[in-house]
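Read the structure below first, then the notes.
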Amino acid sequence: MATEILMPALSPTMEEGTLAKWLVKEGDEVSSGDILAEIETDKATMEFEAVDEGIVGKILIDEGTEGVKVNTPIAVLVEEGESADDVEVSEAPAEPAGGDDDDAGESAPAKAAEPASSVPASAALEPDWPEGTELKTQTVREALRDAMAEEMRRDPNVFVMGEEVAEYEGAYKITQGLLDEFGAKRVIDTPITEHGFAGLGVGAAFGGLKPIVEFMTFNFAMQAMDQIINSAAKTLYMSGGQMGCPMVFRGPNGAAARVAAQHSQDYAAWYAHIPGLRVVQPFSASDYKGLLKSAVRDPNPVIFLENEILYGKSFDVPDLEDFTVPFGKARIWKEGKDVTIVSFGIGMTYALEAAEKLAEEGIEAEVVDLRTLRPLDYGTVIESVKKTNRVVTVEEGFPVASIGNHLSAYIMENAFDYLDAPVINCTGKDVPMPYAANLEKHALVTTDEVIAAVKTVTYR
Amino acid sequence: MAARKSAAKPNVSPEELKQYYRDMLLIRRFEEKAGQLYGMGLIGGFCHLYIGQEAVVVGLEAAADEGDKRVTSYRDHGHMLACGMDPDGVMAELTGREGGYSKGKGGSMHMFSREKHFYGGHGIVGAQVPIGAGLAFADKYLENDRVTFTYFGDGAANQGQVYESFNMASIWSLPVVFVIENNQYAMGTSQKRSTSGQDIYERGAPFGIPGELVDGMDVLKVKEAGEKAIAHCRAGKGPYILEIKTYRYRGHSMSDPAKYRTREEVQKMREERDPIENIRTMLLDGKHASEDDLKSIDKEIKDIVNKSADFARESPEPDLDQLWTDIYASELPQGDAVDS
Ligand SMILES: Cc1ncc(C[n+]2csc(CCOP(=O)(O)OP(=O)(O)O)c2C)c(N)n1
Ligand SMILES: [Mg+2]
């Protein structure tokens, strides 16, 4: 019986890919394990193996085709004596990779919430670059790589270490090209020993170097928590100012897609709790770049929180020789008079999407991206509250002791008389991250929840 | 298929050989099916396949007794099938459905079965090692004569908590077998690049824990080593280390472009050392089974796997209320250690 070969999903976040190259042609016999094609995903070029045996009856998608959706039939495998022409090819995609939002009962699982794609930097009210600066489109992934490369060129004592950062070029391909350019002395693969290499990084910083320690994800930084909090954050104070710890801990933070409870936690509020740490969680590629460069130069330990889902998103980035963004300065993405939505990191995708939909209903939201959580730009938040008198905060982390909780308290203490409604915190749900697609979607904060919160505080 | 050295005359019955063949084949076919379902978007997130390593769990499970425990990492599908968990429930967990072992909440990396004494399914590299020592601590405390298999990888062997566990297991003589599944790579890092001193099993020596190196492509050798380790533990002599040399044929997880090793290296393993082909040859050469006998086993396995895939697609998604359950318990679990 003939079987269709479908475009495979080759990573947790892949929805489509490029069929880079066919390694078989029509008429070839294949058996299980043979490589059929090379497929480019959002992260890498992967070899795609045959599972069944048979003869390649027909190739349906030419090599070089971009944007082939997962589950599209790409070839037909036939048995001896069978002709591919007799095979009816189904419409693409054969089986949906993700169901529609509300069809919980559907057999195919729904996809994790996918934030809005490319957001033009021109939406920012006060860009961090001079007027007339040339802009280029870059992904967050590229911006991070460029930031590290530039800082490593600038300062020979900056080095990167972590699991798979060198030869593999990063589990999420953030350190692409760094080993080639800077060599094995400065781009270092570690064993899987987070507590050890985080502590080693602290010692190296004491010893005069500027380590960038990559955690494959921040979930694994829990193994290293003691060194981060007890050694990196507190030494300056404990030494009476003699000895600080200038270094960066960076990596993806928060939920990715379908990786369940142990791999999906947002640590923003955890680290923001700690005096002595700087905590950064950018949203746009230009902020990732400018803030990472500032982080490397900062004399303190910096927790630099990235997001896997944002890695592949494109934004405008200024084409400047040395572009930095200062800590402690929020960015207003959209001005509005009716309500202030405060967020950071991937929370911004919900905030901006909500603001856009609210605008259609005549509600003008001001959207503030905190960018850094320590220091936190209270001034910008308070100024905005004075104007709109209503606040909704948005983040993916757990609700108890969240960043939103802290902001609510701060606003109450410092701008109580300006508030026309209680502040609402939109957060992830108070549950470990479930694996099931439908549950995961509900565990995360949603745009609809942000819209509902805005309507509550504006009494609509 | 390349010529294959047939193993030394085994001291096992044809029935046992057939059982190992069946058990390993079930894992292989199950994993291939999981790979397919992943490609179709029915399984999401991380999915770490066990293809190539089948002889490790099948050999050790053959040595275990009812009531013995096991705990492992995220590369756990094979362990669950080998200890008798239901393929339907495992596959349905992979698709995140109500019929899964964790009701769809855990996924590929996080499954558990109190009934089969399977304590997970752990996503944090190395974290299961002290947990395994703790299971053994409970068994010793309860004086129930059980042994715990604590599986971890060559990469995990560099985590500090492994050595903290070795030390505690040794000073308290805990009945735990530390099983290092050395498939020679931790993601894209070969053991050579990450590990000082290549013999991980020798790392127990300073703690007074005996260890040995085992050929993990040969299910009979694994079983034999397992029996020895278990006897040591049950005799009250404390922990034992088995470093089992094995190989994973597929990428680390589904999204691994695998540029860190050559295709020839993988191909050579598959052709010359495959644990399933090994037993197959043994069965045929020894005239313990005919081609037809094996075909009917193949068919039986294929049916089990297809049925599990059907179940995993048809089982409904968990009810939305499930988001809010199982966060706190209202009663103490019924400890299997206590009543078994
Ligand atoms: C503490 C921690 N660090 C990093 C990771 C990411 N990670 C998952 S598996 C893996 C490689 C582990 O290799 P090994 O222990 O040899 O087991 P194998 O995958 O080969 O079975 C890494 C680095 C993790 N899950 N947990
Ligand atoms: Mg390994």
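Each chain in the structure tokens gets a letter, A, B and so on, in the order shown; residues start at 1 in every chain, and ligands are counted from 1 in the order they appear.
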Return as an mmCIF file with N, CA, C and O atoms, in the first residue's frame the residues of protein, DNA or RNA that approach ligand 1 to within 9 Å, with only C-alpha atoms and all ligand atoms taken into account.
data_model
loop_
_atom_site.group_PDB
_atom_site.id
_atom_site.type_symbol
_atom_site.label_atom_id
_atom_site.label_comp_id
_atom_site.auth_asym_id
_atom_site.auth_seq_id
_atom_site.Cartn_x
_atom_site.Cartn_y
_atom_site.Cartn_z
ATOM 1 N N GLU A 163 26.734 24.835 28.546
ATOM 2 C CA GLU A 163 26.572 23.544 27.872
ATOM 3 C C GLU A 163 26.262 23.756 26.394
ATOM 4 O O GLU A 163 25.352 24.513 26.066
ATOM 5 N N GLU A 164 27.033 23.129 25.550
ATOM 6 C CA GLU A 164 26.799 23.130 24.093
ATOM 7 C C GLU A 164 26.968 24.511 23.451
ATOM 8 O O GLU A 164 26.458 24.747 22.369
ATOM 9 N N ALA A 171 22.402 25.247 22.189
ATOM 10 C CA ALA A 171 21.238 24.377 22.034
ATOM 11 C C ALA A 171 20.141 25.132 21.290
ATOM 12 O O ALA A 171 19.342 24.533 20.584
ATOM 13 N N PRO A 191 30.888 20.616 31.014
ATOM 14 C CA PRO A 191 30.093 19.434 31.343
ATOM 15 C C PRO A 191 28.730 19.895 31.890
ATOM 16 O O PRO A 191 28.544 21.077 32.171
ATOM 17 N N ILE A 192 27.824 18.940 32.083
ATOM 18 C CA ILE A 192 26.508 19.288 32.638
ATOM 19 C C ILE A 192 26.666 19.390 34.142
ATOM 20 O O ILE A 192 26.547 18.411 34.872
ATOM 21 N N THR A 193 26.976 20.562 34.589
ATOM 22 C CA THR A 193 27.326 20.725 35.990
ATOM 23 C C THR A 193 27.120 22.188 36.374
ATOM 24 O O THR A 193 28.047 22.951 36.588
ATOM 25 N N GLU A 194 25.826 22.558 36.371
ATOM 26 C CA GLU A 194 25.459 23.966 36.500
ATOM 27 C C GLU A 194 25.980 24.615 37.780
ATOM 28 O O GLU A 194 26.470 25.739 37.760
ATOM 29 N N HIS A 195 25.819 23.911 38.882
ATOM 30 C CA HIS A 195 26.255 24.515 40.140
ATOM 31 C C HIS A 195 27.753 24.761 40.078
ATOM 32 O O HIS A 195 28.245 25.798 40.521
ATOM 33 N N PHE A 215 23.011 29.481 30.627
ATOM 34 C CA PHE A 215 22.247 28.313 31.054
ATOM 35 C C PHE A 215 21.437 27.858 29.854
ATOM 36 O O PHE A 215 20.795 28.680 29.204
ATOM 37 N N MET A 216 21.476 26.562 29.593
ATOM 38 C CA MET A 216 20.738 26.077 28.421
ATOM 39 C C MET A 216 19.294 26.559 28.512
ATOM 40 O O MET A 216 18.726 26.992 27.527
ATOM 41 N N THR A 217 18.718 26.485 29.698
ATOM 42 C CA THR A 217 17.516 27.270 30.010
ATOM 43 C C THR A 217 17.612 27.610 31.491
ATOM 44 O O THR A 217 18.341 26.952 32.241
ATOM 45 N N ASN A 219 15.623 27.019 33.708
ATOM 46 C CA ASN A 219 15.147 25.938 34.564
ATOM 47 C C ASN A 219 16.329 25.223 35.220
ATOM 48 O O ASN A 219 16.240 24.744 36.341
ATOM 49 N N PHE A 220 17.436 25.156 34.492
ATOM 50 C CA PHE A 220 18.598 24.430 35.004
ATOM 51 C C PHE A 220 19.445 25.309 35.918
ATOM 52 O O PHE A 220 20.334 24.817 36.610
ATOM 53 N N ALA A 221 19.168 26.608 35.916
ATOM 54 C CA ALA A 221 19.888 27.491 36.824
ATOM 55 C C ALA A 221 19.470 27.250 38.265
ATOM 56 O O ALA A 221 20.147 27.697 39.189
ATOM 57 N N MET A 222 18.360 26.525 38.454
ATOM 58 C CA MET A 222 17.999 26.194 39.837
ATOM 59 C C MET A 222 19.070 25.334 40.473
ATOM 60 O O MET A 222 19.249 25.349 41.686
ATOM 61 N N GLN A 223 19.764 24.535 39.641
ATOM 62 C CA GLN A 223 20.876 23.742 40.157
ATOM 63 C C GLN A 223 21.976 24.661 40.688
ATOM 64 O O GLN A 223 22.777 24.263 41.519
ATOM 65 N N ALA A 224 22.016 25.867 40.146
ATOM 66 C CA ALA A 224 23.116 26.789 40.446
ATOM 67 C C ALA A 224 22.672 27.921 41.355
ATOM 68 O O ALA A 224 23.417 28.865 41.597
ATOM 69 N N GLN A 262 8.748 20.913 34.419
ATOM 70 C CA GLN A 262 10.128 21.170 34.840
ATOM 71 C C GLN A 262 10.907 22.053 33.864
ATOM 72 O O GLN A 262 12.011 22.488 34.177
ATOM 73 N N HIS A 263 10.352 22.293 32.697
ATOM 74 C CA HIS A 263 11.080 23.066 31.683
ATOM 75 C C HIS A 263 10.353 24.347 31.270
ATOM 76 O O HIS A 263 10.623 24.878 30.198
ATOM 77 N N HIS B 48 12.529 12.167 23.685
ATOM 78 C CA HIS B 48 13.853 11.546 23.605
ATOM 79 C C HIS B 48 13.676 10.054 23.386
ATOM 80 O O HIS B 48 13.161 9.359 24.258
ATOM 81 N N LEU B 49 14.113 9.574 22.248
ATOM 82 C CA LEU B 49 13.874 8.173 21.901
ATOM 83 C C LEU B 49 14.997 7.274 22.436
ATOM 84 O O LEU B 49 16.134 7.694 22.602
ATOM 85 N N TYR B 50 14.629 6.020 22.665
ATOM 86 C CA TYR B 50 15.517 5.058 23.328
ATOM 87 C C TYR B 50 16.105 4.070 22.324
ATOM 88 O O TYR B 50 16.766 3.109 22.703
ATOM 89 N N SER B 73 15.739 9.181 33.847
ATOM 90 C CA SER B 73 15.682 10.548 33.325
ATOM 91 C C SER B 73 14.465 10.698 32.413
ATOM 92 O O SER B 73 13.535 9.908 32.443
ATOM 93 N N TYR B 74 14.535 11.699 31.555
ATOM 94 C CA TYR B 74 13.526 11.995 30.524
ATOM 95 C C TYR B 74 13.524 10.949 29.410
ATOM 96 O O TYR B 74 12.578 10.862 28.657
ATOM 97 N N ARG B 75 14.613 10.185 29.239
ATOM 98 C CA ARG B 75 14.647 9.200 28.143
ATOM 99 C C ARG B 75 14.043 7.910 28.715
ATOM 100 O O ARG B 75 14.739 6.933 28.973
ATOM 101 N N ASP B 76 12.740 7.942 28.906
ATOM 102 C CA ASP B 76 12.134 6.985 29.820
ATOM 103 C C ASP B 76 11.133 6.016 29.200
ATOM 104 O O ASP B 76 10.626 5.134 29.895
ATOM 105 N N HIS B 122 12.341 12.054 34.947
ATOM 106 C CA HIS B 122 12.777 13.327 35.518
ATOM 107 C C HIS B 122 13.520 14.164 34.478
ATOM 108 O O HIS B 122 14.397 13.658 33.788
ATOM 109 N N GLY B 123 13.157 15.440 34.409
ATOM 110 C CA GLY B 123 13.669 16.295 33.327
ATOM 111 C C GLY B 123 14.966 16.999 33.640
ATOM 112 O O GLY B 123 15.618 17.527 32.737
ATOM 113 N N ILE B 124 15.339 17.038 34.900
ATOM 114 C CA ILE B 124 16.533 17.796 35.269
ATOM 115 C C ILE B 124 17.697 16.807 35.377
ATOM 116 O O ILE B 124 17.660 15.886 36.196
ATOM 117 N N VAL B 125 18.696 17.017 34.539
ATOM 118 C CA VAL B 125 19.779 16.048 34.424
ATOM 119 C C VAL B 125 20.452 15.800 35.779
ATOM 120 O O VAL B 125 20.960 16.736 36.399
ATOM 121 N N GLY B 126 20.420 14.570 36.233
ATOM 122 C CA GLY B 126 21.085 14.189 37.479
ATOM 123 C C GLY B 126 20.159 14.155 38.683
ATOM 124 O O GLY B 126 20.476 13.526 39.696
ATOM 125 N N ALA B 127 19.017 14.803 38.589
ATOM 126 C CA ALA B 127 18.152 14.946 39.773
ATOM 127 C C ALA B 127 17.594 13.614 40.258
ATOM 128 O O ALA B 127 17.266 13.461 41.434
ATOM 129 N N PHE B 152 21.009 6.751 34.981
ATOM 130 C CA PHE B 152 21.368 8.098 34.511
ATOM 131 C C PHE B 152 22.396 8.011 33.398
ATOM 132 O O PHE B 152 22.991 6.955 33.173
ATOM 133 N N GLY B 153 22.583 9.122 32.700
ATOM 134 C CA GLY B 153 23.422 9.122 31.509
ATOM 135 C C GLY B 153 24.871 9.454 31.787
ATOM 136 O O GLY B 153 25.246 9.831 32.899
ATOM 137 N N ASP B 154 25.697 9.325 30.743
ATOM 138 C CA ASP B 154 27.109 9.680 30.855
ATOM 139 C C ASP B 154 27.256 11.175 31.122
ATOM 140 O O ASP B 154 28.164 11.602 31.839
ATOM 141 N N GLY B 155 26.366 11.972 30.567
ATOM 142 C CA GLY B 155 26.424 13.416 30.811
ATOM 143 C C GLY B 155 26.050 13.731 32.252
ATOM 144 O O GLY B 155 26.704 14.530 32.928
ATOM 145 N N ALA B 156 25.000 13.075 32.721
ATOM 146 C CA ALA B 156 24.537 13.294 34.096
ATOM 147 C C ALA B 156 25.613 12.919 35.099
ATOM 148 O O ALA B 156 25.649 13.442 36.219
ATOM 149 N N ALA B 157 26.504 12.015 34.690
ATOM 150 C CA ALA B 157 27.533 11.527 35.612
ATOM 151 C C ALA B 157 28.475 12.644 36.059
ATOM 152 O O ALA B 157 29.292 12.436 36.950
ATOM 153 N N ASN B 158 28.368 13.831 35.457
ATOM 154 C CA ASN B 158 29.214 14.934 35.902
ATOM 155 C C ASN B 158 28.523 15.869 36.884
ATOM 156 O O ASN B 158 29.116 16.851 37.338
ATOM 157 N N GLN B 159 27.268 15.589 37.187
ATOM 158 C CA GLN B 159 26.560 16.446 38.145
ATOM 159 C C GLN B 159 27.026 16.132 39.570
ATOM 160 O O GLN B 159 27.172 14.966 39.944
ATOM 161 N N ILE B 180 24.671 3.534 34.957
ATOM 162 C CA ILE B 180 25.066 4.601 34.049
ATOM 163 C C ILE B 180 24.836 4.109 32.629
ATOM 164 O O ILE B 180 25.511 3.199 32.159
ATOM 165 N N GLU B 181 23.850 4.678 31.968
ATOM 166 C CA GLU B 181 23.600 4.305 30.574
ATOM 167 C C GLU B 181 24.527 5.161 29.722
ATOM 168 O O GLU B 181 24.184 6.283 29.340
ATOM 169 N N ASN B 182 25.695 4.635 29.467
ATOM 170 C CA ASN B 182 26.683 5.420 28.735
ATOM 171 C C ASN B 182 26.479 5.235 27.232
ATOM 172 O O ASN B 182 27.026 4.319 26.624
ATOM 173 N N ASN B 183 25.695 6.146 26.649
ATOM 174 C CA ASN B 183 25.484 6.100 25.195
ATOM 175 C C ASN B 183 26.498 7.003 24.484
ATOM 176 O O ASN B 183 26.366 7.318 23.317
ATOM 177 N N GLN B 184 27.479 7.444 25.232
ATOM 178 C CA GLN B 184 28.663 8.127 24.716
ATOM 179 C C GLN B 184 28.473 9.583 24.320
ATOM 180 O O GLN B 184 29.422 10.271 23.948
ATOM 181 N N TYR B 185 27.242 10.051 24.387
ATOM 182 C CA TYR B 185 26.989 11.464 24.096
ATOM 183 C C TYR B 185 25.997 12.038 25.091
ATOM 184 O O TYR B 185 25.046 11.375 25.487
ATOM 185 N N ALA B 186 26.238 13.278 25.452
ATOM 186 C CA ALA B 186 25.254 14.055 26.185
ATOM 187 C C ALA B 186 24.888 15.164 25.222
ATOM 188 O O ALA B 186 25.701 16.043 24.956
ATOM 189 N N MET B 187 23.733 15.079 24.645
ATOM 190 C CA MET B 187 23.365 15.980 23.564
ATOM 191 C C MET B 187 24.467 15.950 22.518
ATOM 192 O O MET B 187 24.763 14.885 22.003
ATOM 193 N N GLY B 188 25.131 17.080 22.264
ATOM 194 C CA GLY B 188 26.173 17.094 21.239
ATOM 195 C C GLY B 188 27.570 16.937 21.803
ATOM 196 O O GLY B 188 28.560 17.137 21.096
ATOM 197 N N THR B 189 27.683 16.617 23.084
ATOM 198 C CA THR B 189 29.004 16.535 23.706
ATOM 199 C C THR B 189 29.391 15.081 23.922
ATOM 200 O O THR B 189 28.716 14.358 24.648
ATOM 201 N N SER B 190 30.463 14.671 23.294
ATOM 202 C CA SER B 190 30.904 13.293 23.466
ATOM 203 C C SER B 190 31.484 13.147 24.871
ATOM 204 O O SER B 190 31.954 14.116 25.465
ATOM 205 N N GLN B 191 31.454 11.932 25.346
ATOM 206 C CA GLN B 191 31.954 11.686 26.694
ATOM 207 C C GLN B 191 33.403 12.147 26.819
ATOM 208 O O GLN B 191 33.813 12.672 27.838
ATOM 209 N N TYR B 247 24.386 2.832 22.933
ATOM 210 C CA TYR B 247 24.462 3.810 21.845
ATOM 211 C C TYR B 247 23.053 4.218 21.463
ATOM 212 O O TYR B 247 22.161 3.370 21.366
ATOM 213 N N ARG B 248 22.847 5.531 21.289
ATOM 214 C CA ARG B 248 21.528 5.920 20.779
ATOM 215 C C ARG B 248 21.644 6.207 19.287
ATOM 216 O O ARG B 248 22.543 6.914 18.856
ATOM 217 N N HIS B 252 19.530 13.389 19.955
ATOM 218 C CA HIS B 252 19.279 13.522 21.394
ATOM 219 C C HIS B 252 17.781 13.626 21.663
ATOM 220 O O HIS B 252 17.224 12.956 22.509
ATOM 221 N N SER B 253 17.143 14.538 20.960
ATOM 222 C CA SER B 253 15.685 14.617 21.000
ATOM 223 C C SER B 253 15.274 14.815 19.551
ATOM 224 O O SER B 253 16.077 14.648 18.648
#
Gly362 (chain A) surroundings by only C-alpha atoms, 12 Å radius, close-in-sequence under 6 positions cut, as a list in words: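 Using only C-alpha atoms, the neighbours found are Gly336, Lys337, Asp338, Val339, Ala355, Glu356, Lys455, Thr458 and Arg460 of chain A.
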Those of region 205-370 of chain A in DSSP helix (DSSP H, G or I), formatted as number ranges by chain: A: 205-206, 218-233, 235-238, 261-263, 268-272, 285-297, 308-311, 347-360
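Here CA of Val222 (chain B) and CA of Gly59 (chain B) stand 5.0 Å from one another.
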Residue set, region 147-375 of chain A restricted to strand (DSSP E or B), as JSON, numbers by chain: {"A": [158, 159, 160, 161, 162, 187, 188, 189, 210, 211, 212, 213, 214, 247, 248, 249, 250, 251, 252, 278, 279, 280, 301, 302, 303, 304, 305, 306, 314, 315, 316, 317, 318, 331, 332, 333, 334, 339, 340, 341, 342, 343, 365, 366, 367, 368, 369, 372, 373, 374]}
So that I can see what lies close to Ala34 (chain B), please list as a compact mmCIF listing (two decimals) with N, CA and C atoms, in the first residue's frame the residues with an atom at most 8 Å from it, counting only C-alpha atoms and leaving out residues fewer than 3 positions away in the same chain.
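The resulting file, around.txt, is shown below:
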# COMPACT_ATOMS: atom_id res chain seq x y z
N PHE B 30 7.77 0.84 19.29
CA PHE B 30 7.03 1.89 20.00
C PHE B 30 7.71 3.25 19.74
N GLU B 31 9.01 3.26 19.86
CA GLU B 31 9.75 4.51 19.68
C GLU B 31 9.68 5.01 18.24
N LEU B 37 4.61 10.00 15.18
CA LEU B 37 3.54 10.85 15.71
C LEU B 37 4.08 12.25 16.02
N TYR B 38 5.33 12.31 16.43
CA TYR B 38 5.94 13.62 16.67
C TYR B 38 6.00 14.41 15.37
N ILE B 43 2.58 14.63 18.92
CA ILE B 43 3.38 14.69 20.14
C ILE B 43 4.16 16.00 20.06
N MET B 91 1.73 5.84 25.42
CA MET B 91 1.57 6.59 24.16
C MET B 91 0.57 7.73 24.35
N LEU B 94 2.15 10.59 25.77
CA LEU B 94 2.96 11.31 24.77
C LEU B 94 2.10 12.27 23.95
